[in-house]
file upload-v3.json (JSON, C-alpha atoms)
[["chain", "number", "residue", "atom", "x", "y", "z"],
["A", 1, "MET", "CA", 28.67, 26.91, -21.93],
["A", 2, "THR", "CA", 25.50, 25.66, -23.64],
["A", 3, "ASP", "CA", 25.07, 22.98, -20.95],
["A", 4, "ASP", "CA", 25.29, 25.66, -18.24],
["A", 5, "ILE", "CA", 22.60, 27.73, -19.94],
["A", 6, "LEU", "CA", 20.34, 24.70, -20.27],
["A", 7, "ALA", "CA", 20.83, 23.88, -16.59],
["A", 8, "ILE", "CA", 19.93, 27.44, -15.55],
["A", 9, "GLU", "CA", 16.85, 27.38, -17.78],
["A", 10, "ALA", "CA", 15.77, 24.06, -16.23],
["A", 11, "LEU", "CA", 16.02, 25.55, -12.74],
["A", 12, "GLU", "CA", 14.02, 28.58, -13.86],
["A", 13, "ARG", "CA", 11.32, 26.31, -15.28],
["A", 14, "ARG", "CA", 11.25, 24.41, -12.00],
["A", 15, "ALA", "CA", 10.78, 27.66, -10.06],
["A", 16, "THR", "CA", 8.06, 28.86, -12.44],
["A", 17, "ARG", "CA", 6.15, 25.63, -12.13],
["A", 18, "ARG", "CA", 6.24, 25.85, -8.35],
["A", 19, "GLU", "CA", 4.89, 29.40, -8.39],
["A", 20, "GLU", "CA", 1.99, 28.31, -10.58],
["A", 21, "ARG", "CA", 0.83, 25.96, -7.83],
["A", 22, "ARG", "CA", 0.40, 28.52, -5.11],
["A", 23, "ASP", "CA", -3.25, 29.36, -5.73],
["A", 24, "PHE", "CA", -4.36, 25.78, -6.31],
["A", 25, "PHE", "CA", -7.17, 24.62, -3.94],
["A", 26, "ARG", "CA", -6.88, 27.58, -1.56],
["A", 27, "THR", "CA", -10.52, 27.67, -0.47],
["A", 28, "LEU", "CA", -11.86, 25.89, 2.57],
["A", 29, "GLY", "CA", -14.27, 23.92, 0.41],
["A", 30, "ALA", "CA", -11.45, 22.43, -1.59],
["A", 31, "MET", "CA", -9.61, 21.62, 1.59],
["A", 32, "ALA", "CA", -12.62, 19.82, 2.96],
["A", 33, "ALA", "CA", -12.83, 17.91, -0.29],
["A", 34, "PHE", "CA", -9.24, 16.89, 0.01],
["A", 35, "GLY", "CA", -10.36, 15.35, 3.27],
["A", 36, "SER", "CA", -9.43, 14.06, -1.31],
["A", 37, "ALA", "CA", -2.39, 10.99, 0.04],
["A", 38, "GLY", "CA", 8.51, 15.60, 10.21],
["A", 39, "PHE", "CA", 9.19, 16.57, 12.49],
["A", 40, "ALA", "CA", 9.97, 20.32, 13.00],
["A", 41, "ALA", "CA", 7.71, 21.98, 15.55],
["A", 42, "SER", "CA", 4.93, 24.10, 14.05],
["A", 43, "SER", "CA", 5.03, 27.75, 15.05],
["A", 44, "GLN", "CA", 1.25, 27.91, 14.65],
["A", 45, "SER", "CA", 0.49, 25.31, 17.31],
["A", 46, "ALA", "CA", 0.69, 25.36, 21.07],
["A", 47, "MET", "CA", 3.59, 22.93, 21.08],
["A", 48, "ALA", "CA", 5.79, 25.60, 19.51],
["A", 49, "GLN", "CA", 5.98, 27.22, 22.93],
["A", 50, "SER", "CA", 8.32, 24.49, 24.10],
["A", 51, "ALA", "CA", 10.58, 22.17, 22.16],
["A", 52, "PRO", "CA", 9.32, 18.60, 21.92],
["A", 53, "SER", "CA", 11.38, 15.86, 23.54],
["A", 54, "ASP", "CA", 13.08, 13.14, 21.55],
["A", 55, "GLY", "CA", 10.35, 10.78, 22.78],
["A", 56, "ASP", "CA", 7.65, 13.13, 21.48],
["A", 57, "ILE", "CA", 9.33, 13.21, 18.09],
["A", 58, "LEU", "CA", 9.78, 9.44, 17.90],
["A", 59, "ASN", "CA", 6.14, 8.90, 18.84],
["A", 60, "PHE", "CA", 5.06, 11.34, 16.15],
["A", 61, "ALA", "CA", 7.15, 9.35, 13.70],
["A", 62, "LEU", "CA", 5.58, 6.14, 14.94],
["A", 63, "ASN", "CA", 2.09, 7.38, 14.09],
["A", 64, "LEU", "CA", 3.19, 7.95, 10.50],
["A", 65, "GLU", "CA", 4.84, 4.54, 10.38],
["A", 66, "TYR", "CA", 1.61, 2.94, 11.65],
["A", 67, "LEU", "CA", -0.17, 4.48, 8.67],
["A", 68, "GLU", "CA", 2.35, 3.40, 6.07],
["A", 69, "ALA", "CA", 2.89, -0.06, 7.53],
["A", 70, "ASN", "CA", -0.83, -0.81, 7.52],
["A", 71, "PHE", "CA", -1.36, 0.42, 3.98],
["A", 72, "TYR", "CA", 1.45, -1.72, 2.62],
["A", 73, "SER", "CA", 0.55, -4.69, 4.82],
["A", 74, "TYR", "CA", -2.98, -4.70, 3.48],
["A", 75, "ALA", "CA", -1.77, -4.30, -0.11],
["A", 76, "VAL", "CA", 0.76, -7.13, 0.11],
["A", 77, "PHE", "CA", -0.62, -9.54, 2.73],
["A", 78, "GLY", "CA", -4.31, -8.65, 2.83],
["A", 79, "THR", "CA", -4.23, -7.88, 6.57],
["A", 80, "PRO", "CA", -3.31, -4.99, 8.89],
["A", 81, "ILE", "CA", -0.09, -5.22, 10.88],
["A", 82, "ASP", "CA", 0.06, -7.71, 13.75],
["A", 83, "THR", "CA", -1.57, -6.55, 16.98],
["A", 84, "LYS", "CA", 1.71, -7.13, 18.80],
["A", 85, "TYR", "CA", 2.83, -3.87, 17.19],
["A", 86, "THR", "CA", -0.17, -1.72, 18.18],
["A", 87, "SER", "CA", -0.37, -1.40, 21.98],
["A", 88, "GLY", "CA", 0.59, 1.67, 24.00],
["A", 89, "SER", "CA", -0.78, 4.84, 25.55],
["A", 90, "GLY", "CA", -3.44, 7.04, 24.02],
["A", 91, "ASN", "CA", -6.56, 6.24, 22.06],
["A", 92, "ALA", "CA", -5.96, 2.80, 20.59],
["A", 93, "GLY", "CA", -7.61, 2.02, 17.28],
["A", 94, "THR", "CA", -7.48, -0.29, 14.31],
["A", 95, "ALA", "CA", -6.56, 0.14, 10.67],
["A", 96, "THR", "CA", -9.56, -0.57, 8.49],
["A", 97, "GLY", "CA", -10.68, -0.77, 4.89],
["A", 98, "GLY", "CA", -7.67, -2.19, 3.12],
["A", 99, "ARG", "CA", -7.34, -5.36, 1.07],
["A", 100, "LYS", "CA", -4.77, -7.31, -0.91],
["A", 101, "VAL", "CA", -3.75, -6.05, -4.33],
["A", 102, "ASN", "CA", -3.86, -8.52, -7.21],
["A", 103, "PHE", "CA", -0.55, -7.35, -8.64],
["A", 104, "THR", "CA", -0.05, -8.02, -12.34],
["A", 105, "ASP", "CA", 3.38, -6.41, -12.63],
["A", 106, "PRO", "CA", 5.90, -8.68, -10.88],
["A", 107, "VAL", "CA", 8.32, -5.79, -10.38],
["A", 108, "VAL", "CA", 5.73, -3.68, -8.56],
["A", 109, "ALA", "CA", 4.73, -6.73, -6.51],
["A", 110, "GLN", "CA", 8.31, -7.24, -5.34],
["A", 111, "TYR", "CA", 8.76, -3.55, -4.56],
["A", 112, "ALA", "CA", 5.54, -3.57, -2.55],
["A", 113, "LYS", "CA", 6.62, -6.59, -0.51],
["A", 114, "GLU", "CA", 10.00, -5.05, 0.25],
["A", 115, "ILE", "CA", 8.46, -1.74, 1.34],
["A", 116, "ALA", "CA", 5.86, -3.50, 3.50],
["A", 117, "GLN", "CA", 8.56, -5.40, 5.35],
["A", 118, "ASP", "CA", 10.61, -2.23, 5.81],
["A", 119, "GLU", "CA", 7.68, -0.23, 7.20],
["A", 120, "ILE", "CA", 6.75, -2.96, 9.68],
["A", 121, "ALA", "CA", 10.39, -3.07, 10.75],
["A", 122, "HIS", "CA", 10.28, 0.71, 11.34],
["A", 123, "VAL", "CA", 7.24, 0.30, 13.60],
["A", 124, "ASP", "CA", 8.99, -2.43, 15.57],
["A", 125, "PHE", "CA", 12.22, -0.43, 15.84],
["A", 126, "LEU", "CA", 10.56, 2.75, 17.08],
["A", 127, "ARG", "CA", 8.40, 0.87, 19.56],
["A", 128, "LYS", "CA", 11.43, -0.90, 21.04],
["A", 129, "ASN", "CA", 13.32, 2.36, 21.41],
["A", 130, "LEU", "CA", 10.37, 4.13, 23.02],
["A", 131, "GLY", "CA", 9.81, 1.37, 25.56],
["A", 132, "THR", "CA", 7.10, 2.18, 28.08],
["A", 133, "ALA", "CA", 6.61, 5.64, 26.53],
["A", 134, "VAL", "CA", 5.29, 4.17, 23.26],
["A", 135, "VAL", "CA", 1.93, 5.38, 21.96],
["A", 136, "ALA", "CA", -0.71, 3.02, 20.68],
["A", 137, "GLN", "CA", -1.72, 2.74, 17.08],
["A", 138, "PRO", "CA", -4.62, 5.17, 16.54],
["A", 139, "ALA", "CA", -7.63, 4.55, 14.32],
["A", 140, "ILE", "CA", -6.45, 4.57, 10.69],
["A", 141, "ASP", "CA", -8.55, 4.82, 7.53],
["A", 142, "VAL", "CA", -6.93, 3.13, 4.54],
["A", 143, "GLY", "CA", -10.21, 2.09, 2.95],
["A", 144, "THR", "CA", -12.01, 2.79, -0.30],
["A", 145, "ASP", "CA", -15.26, 4.32, 0.92],
["A", 146, "PRO", "CA", -16.42, 7.28, -1.21],
["A", 147, "ASN", "CA", -16.23, 9.48, 1.88],
["A", 148, "GLY", "CA", -12.97, 7.99, 3.13],
["A", 149, "ALA", "CA", -9.48, 9.46, 3.09],
["A", 150, "PHE", "CA", -8.21, 7.98, -0.16],
["A", 151, "SER", "CA", -11.36, 8.91, -2.09],
["A", 152, "SER", "CA", -11.46, 12.40, -0.61],
["A", 153, "ALA", "CA", -7.82, 12.95, -1.52],
["A", 154, "ALA", "CA", -8.36, 11.70, -5.07],
["A", 155, "ARG", "CA", -11.49, 13.82, -5.46],
["A", 156, "ALA", "CA", -9.72, 17.02, -4.45],
["A", 157, "ALA", "CA", -6.90, 16.23, -6.86],
["A", 158, "GLY", "CA", -9.43, 15.77, -9.63],
["A", 159, "LEU", "CA", -8.76, 12.06, -10.12],
["A", 160, "ILE", "CA", -12.39, 11.18, -9.42],
["A", 161, "SER", "CA", -15.60, 13.20, -9.33],
["A", 162, "GLY", "CA", -18.93, 13.34, -7.56],
["A", 163, "GLY", "CA", -19.63, 10.45, -5.24],
["A", 164, "GLY", "CA", -17.05, 8.17, -6.80],
["A", 165, "SER", "CA", -14.41, 6.28, -4.87],
["A", 166, "PHE", "CA", -10.70, 5.74, -5.33],
["A", 167, "ASP", "CA", -9.45, 2.20, -4.71],
["A", 168, "PRO", "CA", -5.65, 1.98, -4.29],
["A", 169, "TYR", "CA", -5.95, -1.82, -4.15],
["A", 170, "SER", "CA", -7.64, -2.29, -7.52],
["A", 171, "SER", "CA", -4.53, -2.25, -9.72],
["A", 172, "ASP", "CA", -0.77, -1.83, -9.75],
["A", 173, "GLU", "CA", -1.19, 1.73, -10.98],
["A", 174, "ASN", "CA", -3.70, 2.74, -8.31],
["A", 175, "PHE", "CA", -1.51, 1.13, -5.66],
["A", 176, "LEU", "CA", 1.44, 3.24, -6.80],
["A", 177, "LEU", "CA", -0.66, 6.41, -6.70],
["A", 178, "GLY", "CA", -1.80, 5.51, -3.18],
["A", 179, "ALA", "CA", 1.82, 4.99, -2.15],
["A", 180, "PHE", "CA", 2.76, 8.29, -3.80],
["A", 181, "ILE", "CA", 0.40, 10.10, -1.43],
["A", 182, "PHE", "CA", 2.50, 8.97, 1.56],
["A", 183, "GLU", "CA", 6.10, 8.51, 0.54],
["A", 184, "ASP", "CA", 7.20, 12.05, -0.33],
["A", 185, "VAL", "CA", 5.54, 13.35, 2.82],
["A", 186, "GLY", "CA", 7.48, 10.87, 4.95],
["A", 187, "VAL", "CA", 10.79, 12.06, 3.51],
["A", 188, "THR", "CA", 10.05, 15.71, 4.25],
["A", 189, "ALA", "CA", 8.84, 14.79, 7.73],
["A", 190, "TYR", "CA", 12.01, 12.97, 8.73],
["A", 191, "LYS", "CA", 14.20, 15.71, 7.28],
["A", 192, "GLY", "CA", 12.30, 18.21, 9.38],
["A", 193, "ALA", "CA", 13.16, 16.17, 12.48],
["A", 194, "ALA", "CA", 16.88, 16.77, 12.26],
["A", 195, "PRO", "CA", 17.05, 20.16, 14.05],
["A", 196, "LEU", "CA", 14.91, 18.94, 16.94],
["A", 197, "ILE", "CA", 16.48, 15.64, 17.92],
["A", 198, "THR", "CA", 19.02, 16.11, 20.72],
["A", 199, "SER", "CA", 20.32, 12.55, 21.08],
["A", 200, "LYS", "CA", 22.98, 11.63, 18.53],
["A", 201, "THR", "CA", 21.84, 8.02, 18.77],
["A", 202, "TYR", "CA", 18.27, 8.93, 17.90],
["A", 203, "LEU", "CA", 19.44, 11.35, 15.23],
["A", 204, "GLU", "CA", 21.44, 8.59, 13.56],
["A", 205, "ALA", "CA", 18.41, 6.29, 13.72],
["A", 206, "ALA", "CA", 16.15, 8.97, 12.23],
["A", 207, "ALA", "CA", 18.69, 9.55, 9.46],
["A", 208, "GLY", "CA", 18.65, 5.83, 8.75],
["A", 209, "ILE", "CA", 14.86, 5.77, 8.46],
["A", 210, "LEU", "CA", 14.94, 8.93, 6.33],
["A", 211, "ALA", "CA", 17.29, 7.21, 3.89],
["A", 212, "VAL", "CA", 14.98, 4.21, 3.63],
["A", 213, "GLU", "CA", 11.91, 6.41, 3.10],
["A", 214, "ALA", "CA", 13.78, 8.26, 0.37],
["A", 215, "TYR", "CA", 14.61, 4.96, -1.33],
["A", 216, "HIS", "CA", 10.93, 4.01, -1.12],
["A", 217, "ALA", "CA", 9.81, 7.34, -2.55],
["A", 218, "GLY", "CA", 12.31, 6.95, -5.39],
["A", 219, "LEU", "CA", 11.01, 3.46, -6.16],
["A", 220, "VAL", "CA", 7.43, 4.66, -6.27],
["A", 221, "ARG", "CA", 8.21, 7.73, -8.35],
["A", 222, "THR", "CA", 10.37, 5.74, -10.77],
["A", 223, "SER", "CA", 7.70, 3.06, -11.18],
["A", 224, "LEU", "CA", 5.06, 5.66, -11.91],
["A", 225, "TYR", "CA", 7.34, 7.46, -14.35],
["A", 226, "ARG", "CA", 8.14, 4.20, -16.16],
["A", 227, "LYS", "CA", 4.46, 3.35, -16.50],
["A", 228, "GLY", "CA", 3.64, 6.95, -17.29],
["A", 229, "ILE", "CA", 5.67, 6.88, -20.49],
["A", 230, "ALA", "CA", 3.00, 4.61, -21.97],
["A", 231, "THR", "CA", 0.16, 6.05, -19.88],
["A", 232, "PRO", "CA", 0.74, 9.82, -19.46],
["A", 233, "ALA", "CA", -2.36, 10.12, -17.27],
["A", 234, "LEU", "CA", -0.33, 8.56, -14.45],
["A", 235, "ILE", "CA", 2.22, 11.36, -14.58],
["A", 236, "ASP", "CA", -0.61, 13.90, -14.73],
["A", 237, "ALA", "CA", -2.12, 12.26, -11.64],
["A", 238, "THR", "CA", 1.08, 12.76, -9.65],
["A", 239, "GLU", "CA", 1.08, 16.44, -10.57],
["A", 240, "ALA", "CA", -2.54, 16.77, -9.44],
["A", 241, "ILE", "CA", -1.86, 14.99, -6.12],
["A", 242, "SER", "CA", 1.23, 17.14, -5.60],
["A", 243, "LYS", "CA", -0.73, 20.34, -6.18],
["A", 244, "ALA", "CA", -3.45, 19.24, -3.79],
["A", 245, "ARG", "CA", -0.93, 18.35, -1.07],
["A", 246, "ASP", "CA", 0.87, 21.62, -1.60],
["A", 247, "SER", "CA", -2.36, 23.56, -1.18],
["A", 248, "LEU", "CA", -2.75, 22.14, 2.34],
["A", 249, "ASP", "CA", 0.60, 22.82, 3.97],
["A", 250, "GLY", "CA", 1.02, 26.58, 3.72],
["A", 251, "SER", "CA", 2.37, 29.19, 1.34],
["A", 252, "SER", "CA", 5.75, 27.58, 0.74],
["A", 253, "ASP", "CA", 6.04, 25.10, -2.13],
["A", 254, "LEU", "CA", 7.27, 21.79, -0.74],
["A", 255, "ASP", "CA", 5.97, 19.35, -3.32],
["A", 256, "GLN", "CA", 6.53, 18.14, -6.85],
["A", 257, "GLY", "CA", 5.01, 15.55, -9.13],
["A", 258, "ILE", "CA", 7.06, 13.54, -11.58],
["A", 259, "ALA", "CA", 6.47, 15.43, -14.84],
["A", 260, "ASN", "CA", 9.60, 16.34, -16.75],
["A", 261, "ILE", "CA", 11.32, 19.61, -15.99],
["A", 262, "GLY", "CA", 12.76, 20.74, -19.26],
["A", 263, "ASP", "CA", 14.32, 17.72, -20.96],
["A", 264, "ALA", "CA", 14.99, 15.81, -17.72],
["A", 265, "SER", "CA", 12.83, 13.57, -15.56],
["A", 266, "ASN", "CA", 11.89, 14.65, -12.03],
["A", 267, "ILE", "CA", 12.29, 11.48, -10.00],
["A", 268, "VAL", "CA", 13.92, 13.38, -7.13],
["A", 269, "PRO", "CA", 11.91, 16.35, -5.82],
["A", 270, "LEU", "CA", 14.31, 19.03, -4.61],
["A", 271, "ASP", "CA", 14.93, 22.74, -4.36],
["A", 272, "SER", "CA", 17.24, 24.85, -6.51],
["A", 273, "ASN", "CA", 20.19, 23.82, -4.32],
["A", 274, "GLY", "CA", 19.56, 20.14, -4.94],
["A", 275, "LEU", "CA", 18.23, 19.60, -1.40],
["A", 276, "ALA", "CA", 15.16, 17.70, -0.24],
["A", 277, "TYR", "CA", 12.42, 19.69, 1.47],
["A", 278, "SER", "CA", 11.41, 19.72, 5.13],
["A", 279, "ARG", "CA", 7.93, 19.89, 6.63],
["A", 280, "THR", "CA", 6.92, 20.81, 10.16],
["A", 281, "THR", "CA", 4.79, 18.44, 12.19],
["A", 282, "GLY", "CA", 1.85, 20.76, 11.61],
["A", 283, "GLN", "CA", 2.36, 20.64, 7.85],
["A", 284, "VAL", "CA", 2.67, 16.86, 7.88],
["A", 285, "LEU", "CA", -0.60, 16.59, 9.78],
["A", 286, "ASN", "CA", -2.27, 19.04, 7.36],
["A", 287, "ILE", "CA", -1.76, 16.36, 4.72],
["A", 288, "ALA", "CA", -2.49, 13.37, 6.97],
["A", 289, "TYR", "CA", -5.69, 15.03, 8.26],
["A", 290, "LEU", "CA", -6.50, 16.39, 4.78],
["A", 291, "THR", "CA", -7.08, 19.97, 5.88],
["A", 292, "ASN", "CA", -5.41, 23.37, 5.80],
["A", 293, "MET", "CA", -6.87, 24.21, 9.21],
["A", 294, "ALA", "CA", -5.61, 23.66, 12.74],
["A", 295, "THR", "CA", -7.26, 20.51, 14.04],
["A", 296, "ALA", "CA", -6.47, 17.33, 15.95],
["A", 297, "ARG", "CA", -8.10, 14.74, 13.71],
["A", 298, "GLY", "CA", -9.31, 13.85, 10.25],
["A", 299, "GLY", "CA", -8.40, 12.19, 6.98],
["A", 300, "PHE", "CA", -6.27, 9.10, 7.41],
["A", 301, "PHE", "CA", -6.45, 9.51, 11.22],
["A", 302, "PRO", "CA", -10.19, 9.91, 11.96],
["A", 303, "ASN", "CA", -9.57, 10.31, 15.71],
["A", 304, "GLY", "CA", -6.17, 11.97, 15.42],
["A", 305, "VAL", "CA", -2.69, 10.71, 16.17],
["A", 306, "ASN", "CA", -1.50, 9.72, 19.61],
["A", 307, "GLY", "CA", 1.11, 11.66, 21.56],
["A", 308, "SER", "CA", 1.75, 15.29, 22.43],
["A", 309, "ILE", "CA", 2.39, 16.32, 18.80],
["A", 310, "ASN", "CA", -1.06, 16.03, 17.32],
["A", 311, "MET", "CA", -2.21, 19.37, 15.83],
["A", 312, "SER", "CA", -2.16, 20.36, 12.19],
["A", 313, "ALA", "CA", -1.22, 23.92, 11.25],
["A", 314, "ALA", "CA", -3.53, 26.82, 10.43],
["A", 315, "ASN", "CA", -2.69, 27.73, 6.85]]

call {"tool": "encode", "arguments": {"input": "upload-v3.json", "output": "structure tokens"}}
result
Amino acid sequence: MTDDILAIEALERRATRREERRDFFRTLGAMAAFGSAGFAASSQSAMAQSAPSDGDILNFALNLEYLEANFYSYAVFGTPIDTKYTSGSGNAGTATGGRKVNFTDPVVAQYAKEIAQDEIAHVDFLRKNLGTAVVAQPAIDVGTDPNGAFSSAARAAGLISGGGSFDPYSSDENFLLGAFIFEDVGVTAYKGAAPLITSKTYLEAAAGILAVEAYHAGLVRTSLYRKGIATPALIDATEAISKARDSLDGSSDLDQGIANIGDASNIVPLDSNGLAYSRTTGQVLNIAYLTNMATARGGFFPNGVNGSINMSAAN
């Protein structure tokens, strides 16, 4: 009986903590600063008037995979992904600003290499399945410039101030925080795809990628939690990033950091039913573009993503 009461209290604390986030960074100025780290159709965008095709959804996914693959490729290999993976229709661009991480923790180094290989494999898989309908890699900002995406995201979350910059390649810990910006969003994006994909073959493939992204997110969150026991500022940083992301994607609370809830860790972000969250394409692009406004570019995609699904939501 006592265990049941403790479980109920933990869920209540989880709900209370979510509610406390709702007013965080609601102003336009904070959203522009967050410019400071899916697939359901957004009702606030024009594409909601007609359901996207499976090809539209896969191409939207591919844009996100381009971003992740390039970030991890730079961190592990010191280079963007091979150009054989970047051609297609739309506004072709390059991924710029990244560099190799001098990993000091061999466990994090191995995790990073595994994730990099997985993300490149996702790009290759989606491109092969899209065939001639594949979109090109757009321009991607994964650099460390003070006005770039990573620094803007970190500034809005309160991790840096003024004209400072955030460098996700400078240490194992910063790399993990950079990865944290992406991984949870990818999970919610793929879960949001499920109701829209009509082909069972594509649905199975999307479920397979979702599972891998969830494994990646779990690795990143666990690594940060492990390091955060000795360095609590890391756990605080995940809460700040989570709040900033949540302030971009609308009134619903779809995000959690890794701080304990009650006497238990919070490696797996979920709702009161034990389910992962979903984000619409518009909500995903709110975070990728680093804005709570409806727009077709910004943040990690300076010129926008390629394909018919390209607008963030108006929140």

call {"tool": "closest_residue", "arguments": {"input": "upload-v3.json", "among": "A:Ala61, A:Val101, A:Val123, A:Ala193", "to": "Ser87 (chain A)", "atoms": "all atoms listed in the file"}}
result
A:Val123

call {"tool": "atom_distance", "arguments": {"input": "upload-v3.json", "atom1": "CA of Asn59 (chain A)", "atom2": "CA of Leu203 (chain A)"}}
result
14.0 Å

call {"tool": "closest_atom_pairs", "arguments": {"input": "upload-v3.json", "of": "region 61-135 of chain A", "to": "region 220-238 of chain A", "cutoff": "12 Å", "atoms": "all atoms listed in the file", "output": "tab-separated table"}}
result
residue	atom	partner	partner_atom	distance
A:Asp105	CA	A:Ser223	CA	10.5
A:Pro106	CA	A:Ser223	CA	11.9
A:Val107	CA	A:Ser223	CA	8.9
A:Val108	CA	A:Ser223	CA	7.5
A:Ala109	CA	A:Ser223	CA	11.2
A:Gln110	CA	A:Ser223	CA	11.9
A:Tyr111	CA	A:Val220	CA	8.5
A:Ala112	CA	A:Val220	CA	9.2
A:Glu114	CA	A:Val220	CA	12.0
A:Ile115	CA	A:Val220	CA	10.0

call {"tool": "closest_residue", "arguments": {"input": "upload-v3.json", "among": "A:Leu58, A:Ile160, A:Ala154, A:Ile140", "to": "Lys128 (chain A)", "atoms": "only C-alpha atoms"}}
result
A:Leu58

call {"tool": "residues_around", "arguments": {"input": "upload-v3.json", "residues": "Phe182 (chain A)", "least_positions_apart": "3", "cutoff": "9 Å", "atoms": "only C-alpha atoms", "output": "ChimeraX atom specification"}}
result
/A:37,67-68,178-179,185-186,217,288

call {"tool": "atom_distance", "arguments": {"input": "upload-v3.json", "atom1": "CA of Ser278 (chain A)", "atom2": "CA of Tyr190 (chain A)"}}
result
7.7 Å

call {"tool": "atom_distance", "arguments": {"input": "upload-v3.json", "atom1": "CA of Ile81 (chain A)", "atom2": "CA of Arg127 (chain A)"}}
result
13.6 Å

call {"tool": "closest_residue", "arguments": {"input": "upload-v3.json", "among": "A:Ala156, A:Ala264, A:Val142, A:Met311", "to": "Thr281 (chain A)", "atoms": "only C-alpha atoms"}}
result
A:Met311

call {"tool": "residues_around", "arguments": {"input": "upload-v3.json", "residues": "Lys100 (chain A)", "least_positions_apart": "4", "cutoff": "6 Å", "atoms": "only C-alpha atoms", "output": "list in words"}}
result
Tyr74, Ala75, Val76, Phe77 and Gly78 of chain A

call {"tool": "closest_residue", "arguments": {"input": "upload-v3.json", "among": "A:Ser242, A:Ser272, A:Gln137, A:Gln283", "to": "Gly257 (chain A)", "atoms": "only C-alpha atoms"}}
result
A:Ser242

call {"tool": "residues_around", "arguments": {"input": "upload-v3.json", "residues": "Thr83 (chain A)", "least_positions_apart": "6", "cutoff": "12 Å", "atoms": "all atoms listed in the file", "output": "ChimeraX atom specification"}}
result
/A:66,70,92-95,120,123-124,136-137

call {"tool": "closest_residue", "arguments": {"input": "upload-v3.json", "among": "A:Asn306, A:Ser247, A:Ser265, A:Asn315", "to": "Ala157 (chain A)", "atoms": "only C-alpha atoms"}}
result
A:Ser247

call {"tool": "residues_near_point", "arguments": {"input": "upload-v3.json", "point": "(18.5, 11.6, 9.4)", "cutoff": "12 Å", "atoms": "all atoms listed in the file", "output": "PyMOL selection string"}}
result
chain A and resi 38-39+186-197+199-214+276+278

call {"tool": "closest_residue", "arguments": {"input": "upload-v3.json", "among": "A:Asn286, A:Asn91, A:Ser165, A:Gln256", "to": "Thr144 (chain A)", "atoms": "all atoms listed in the file"}}
result
A:Ser165
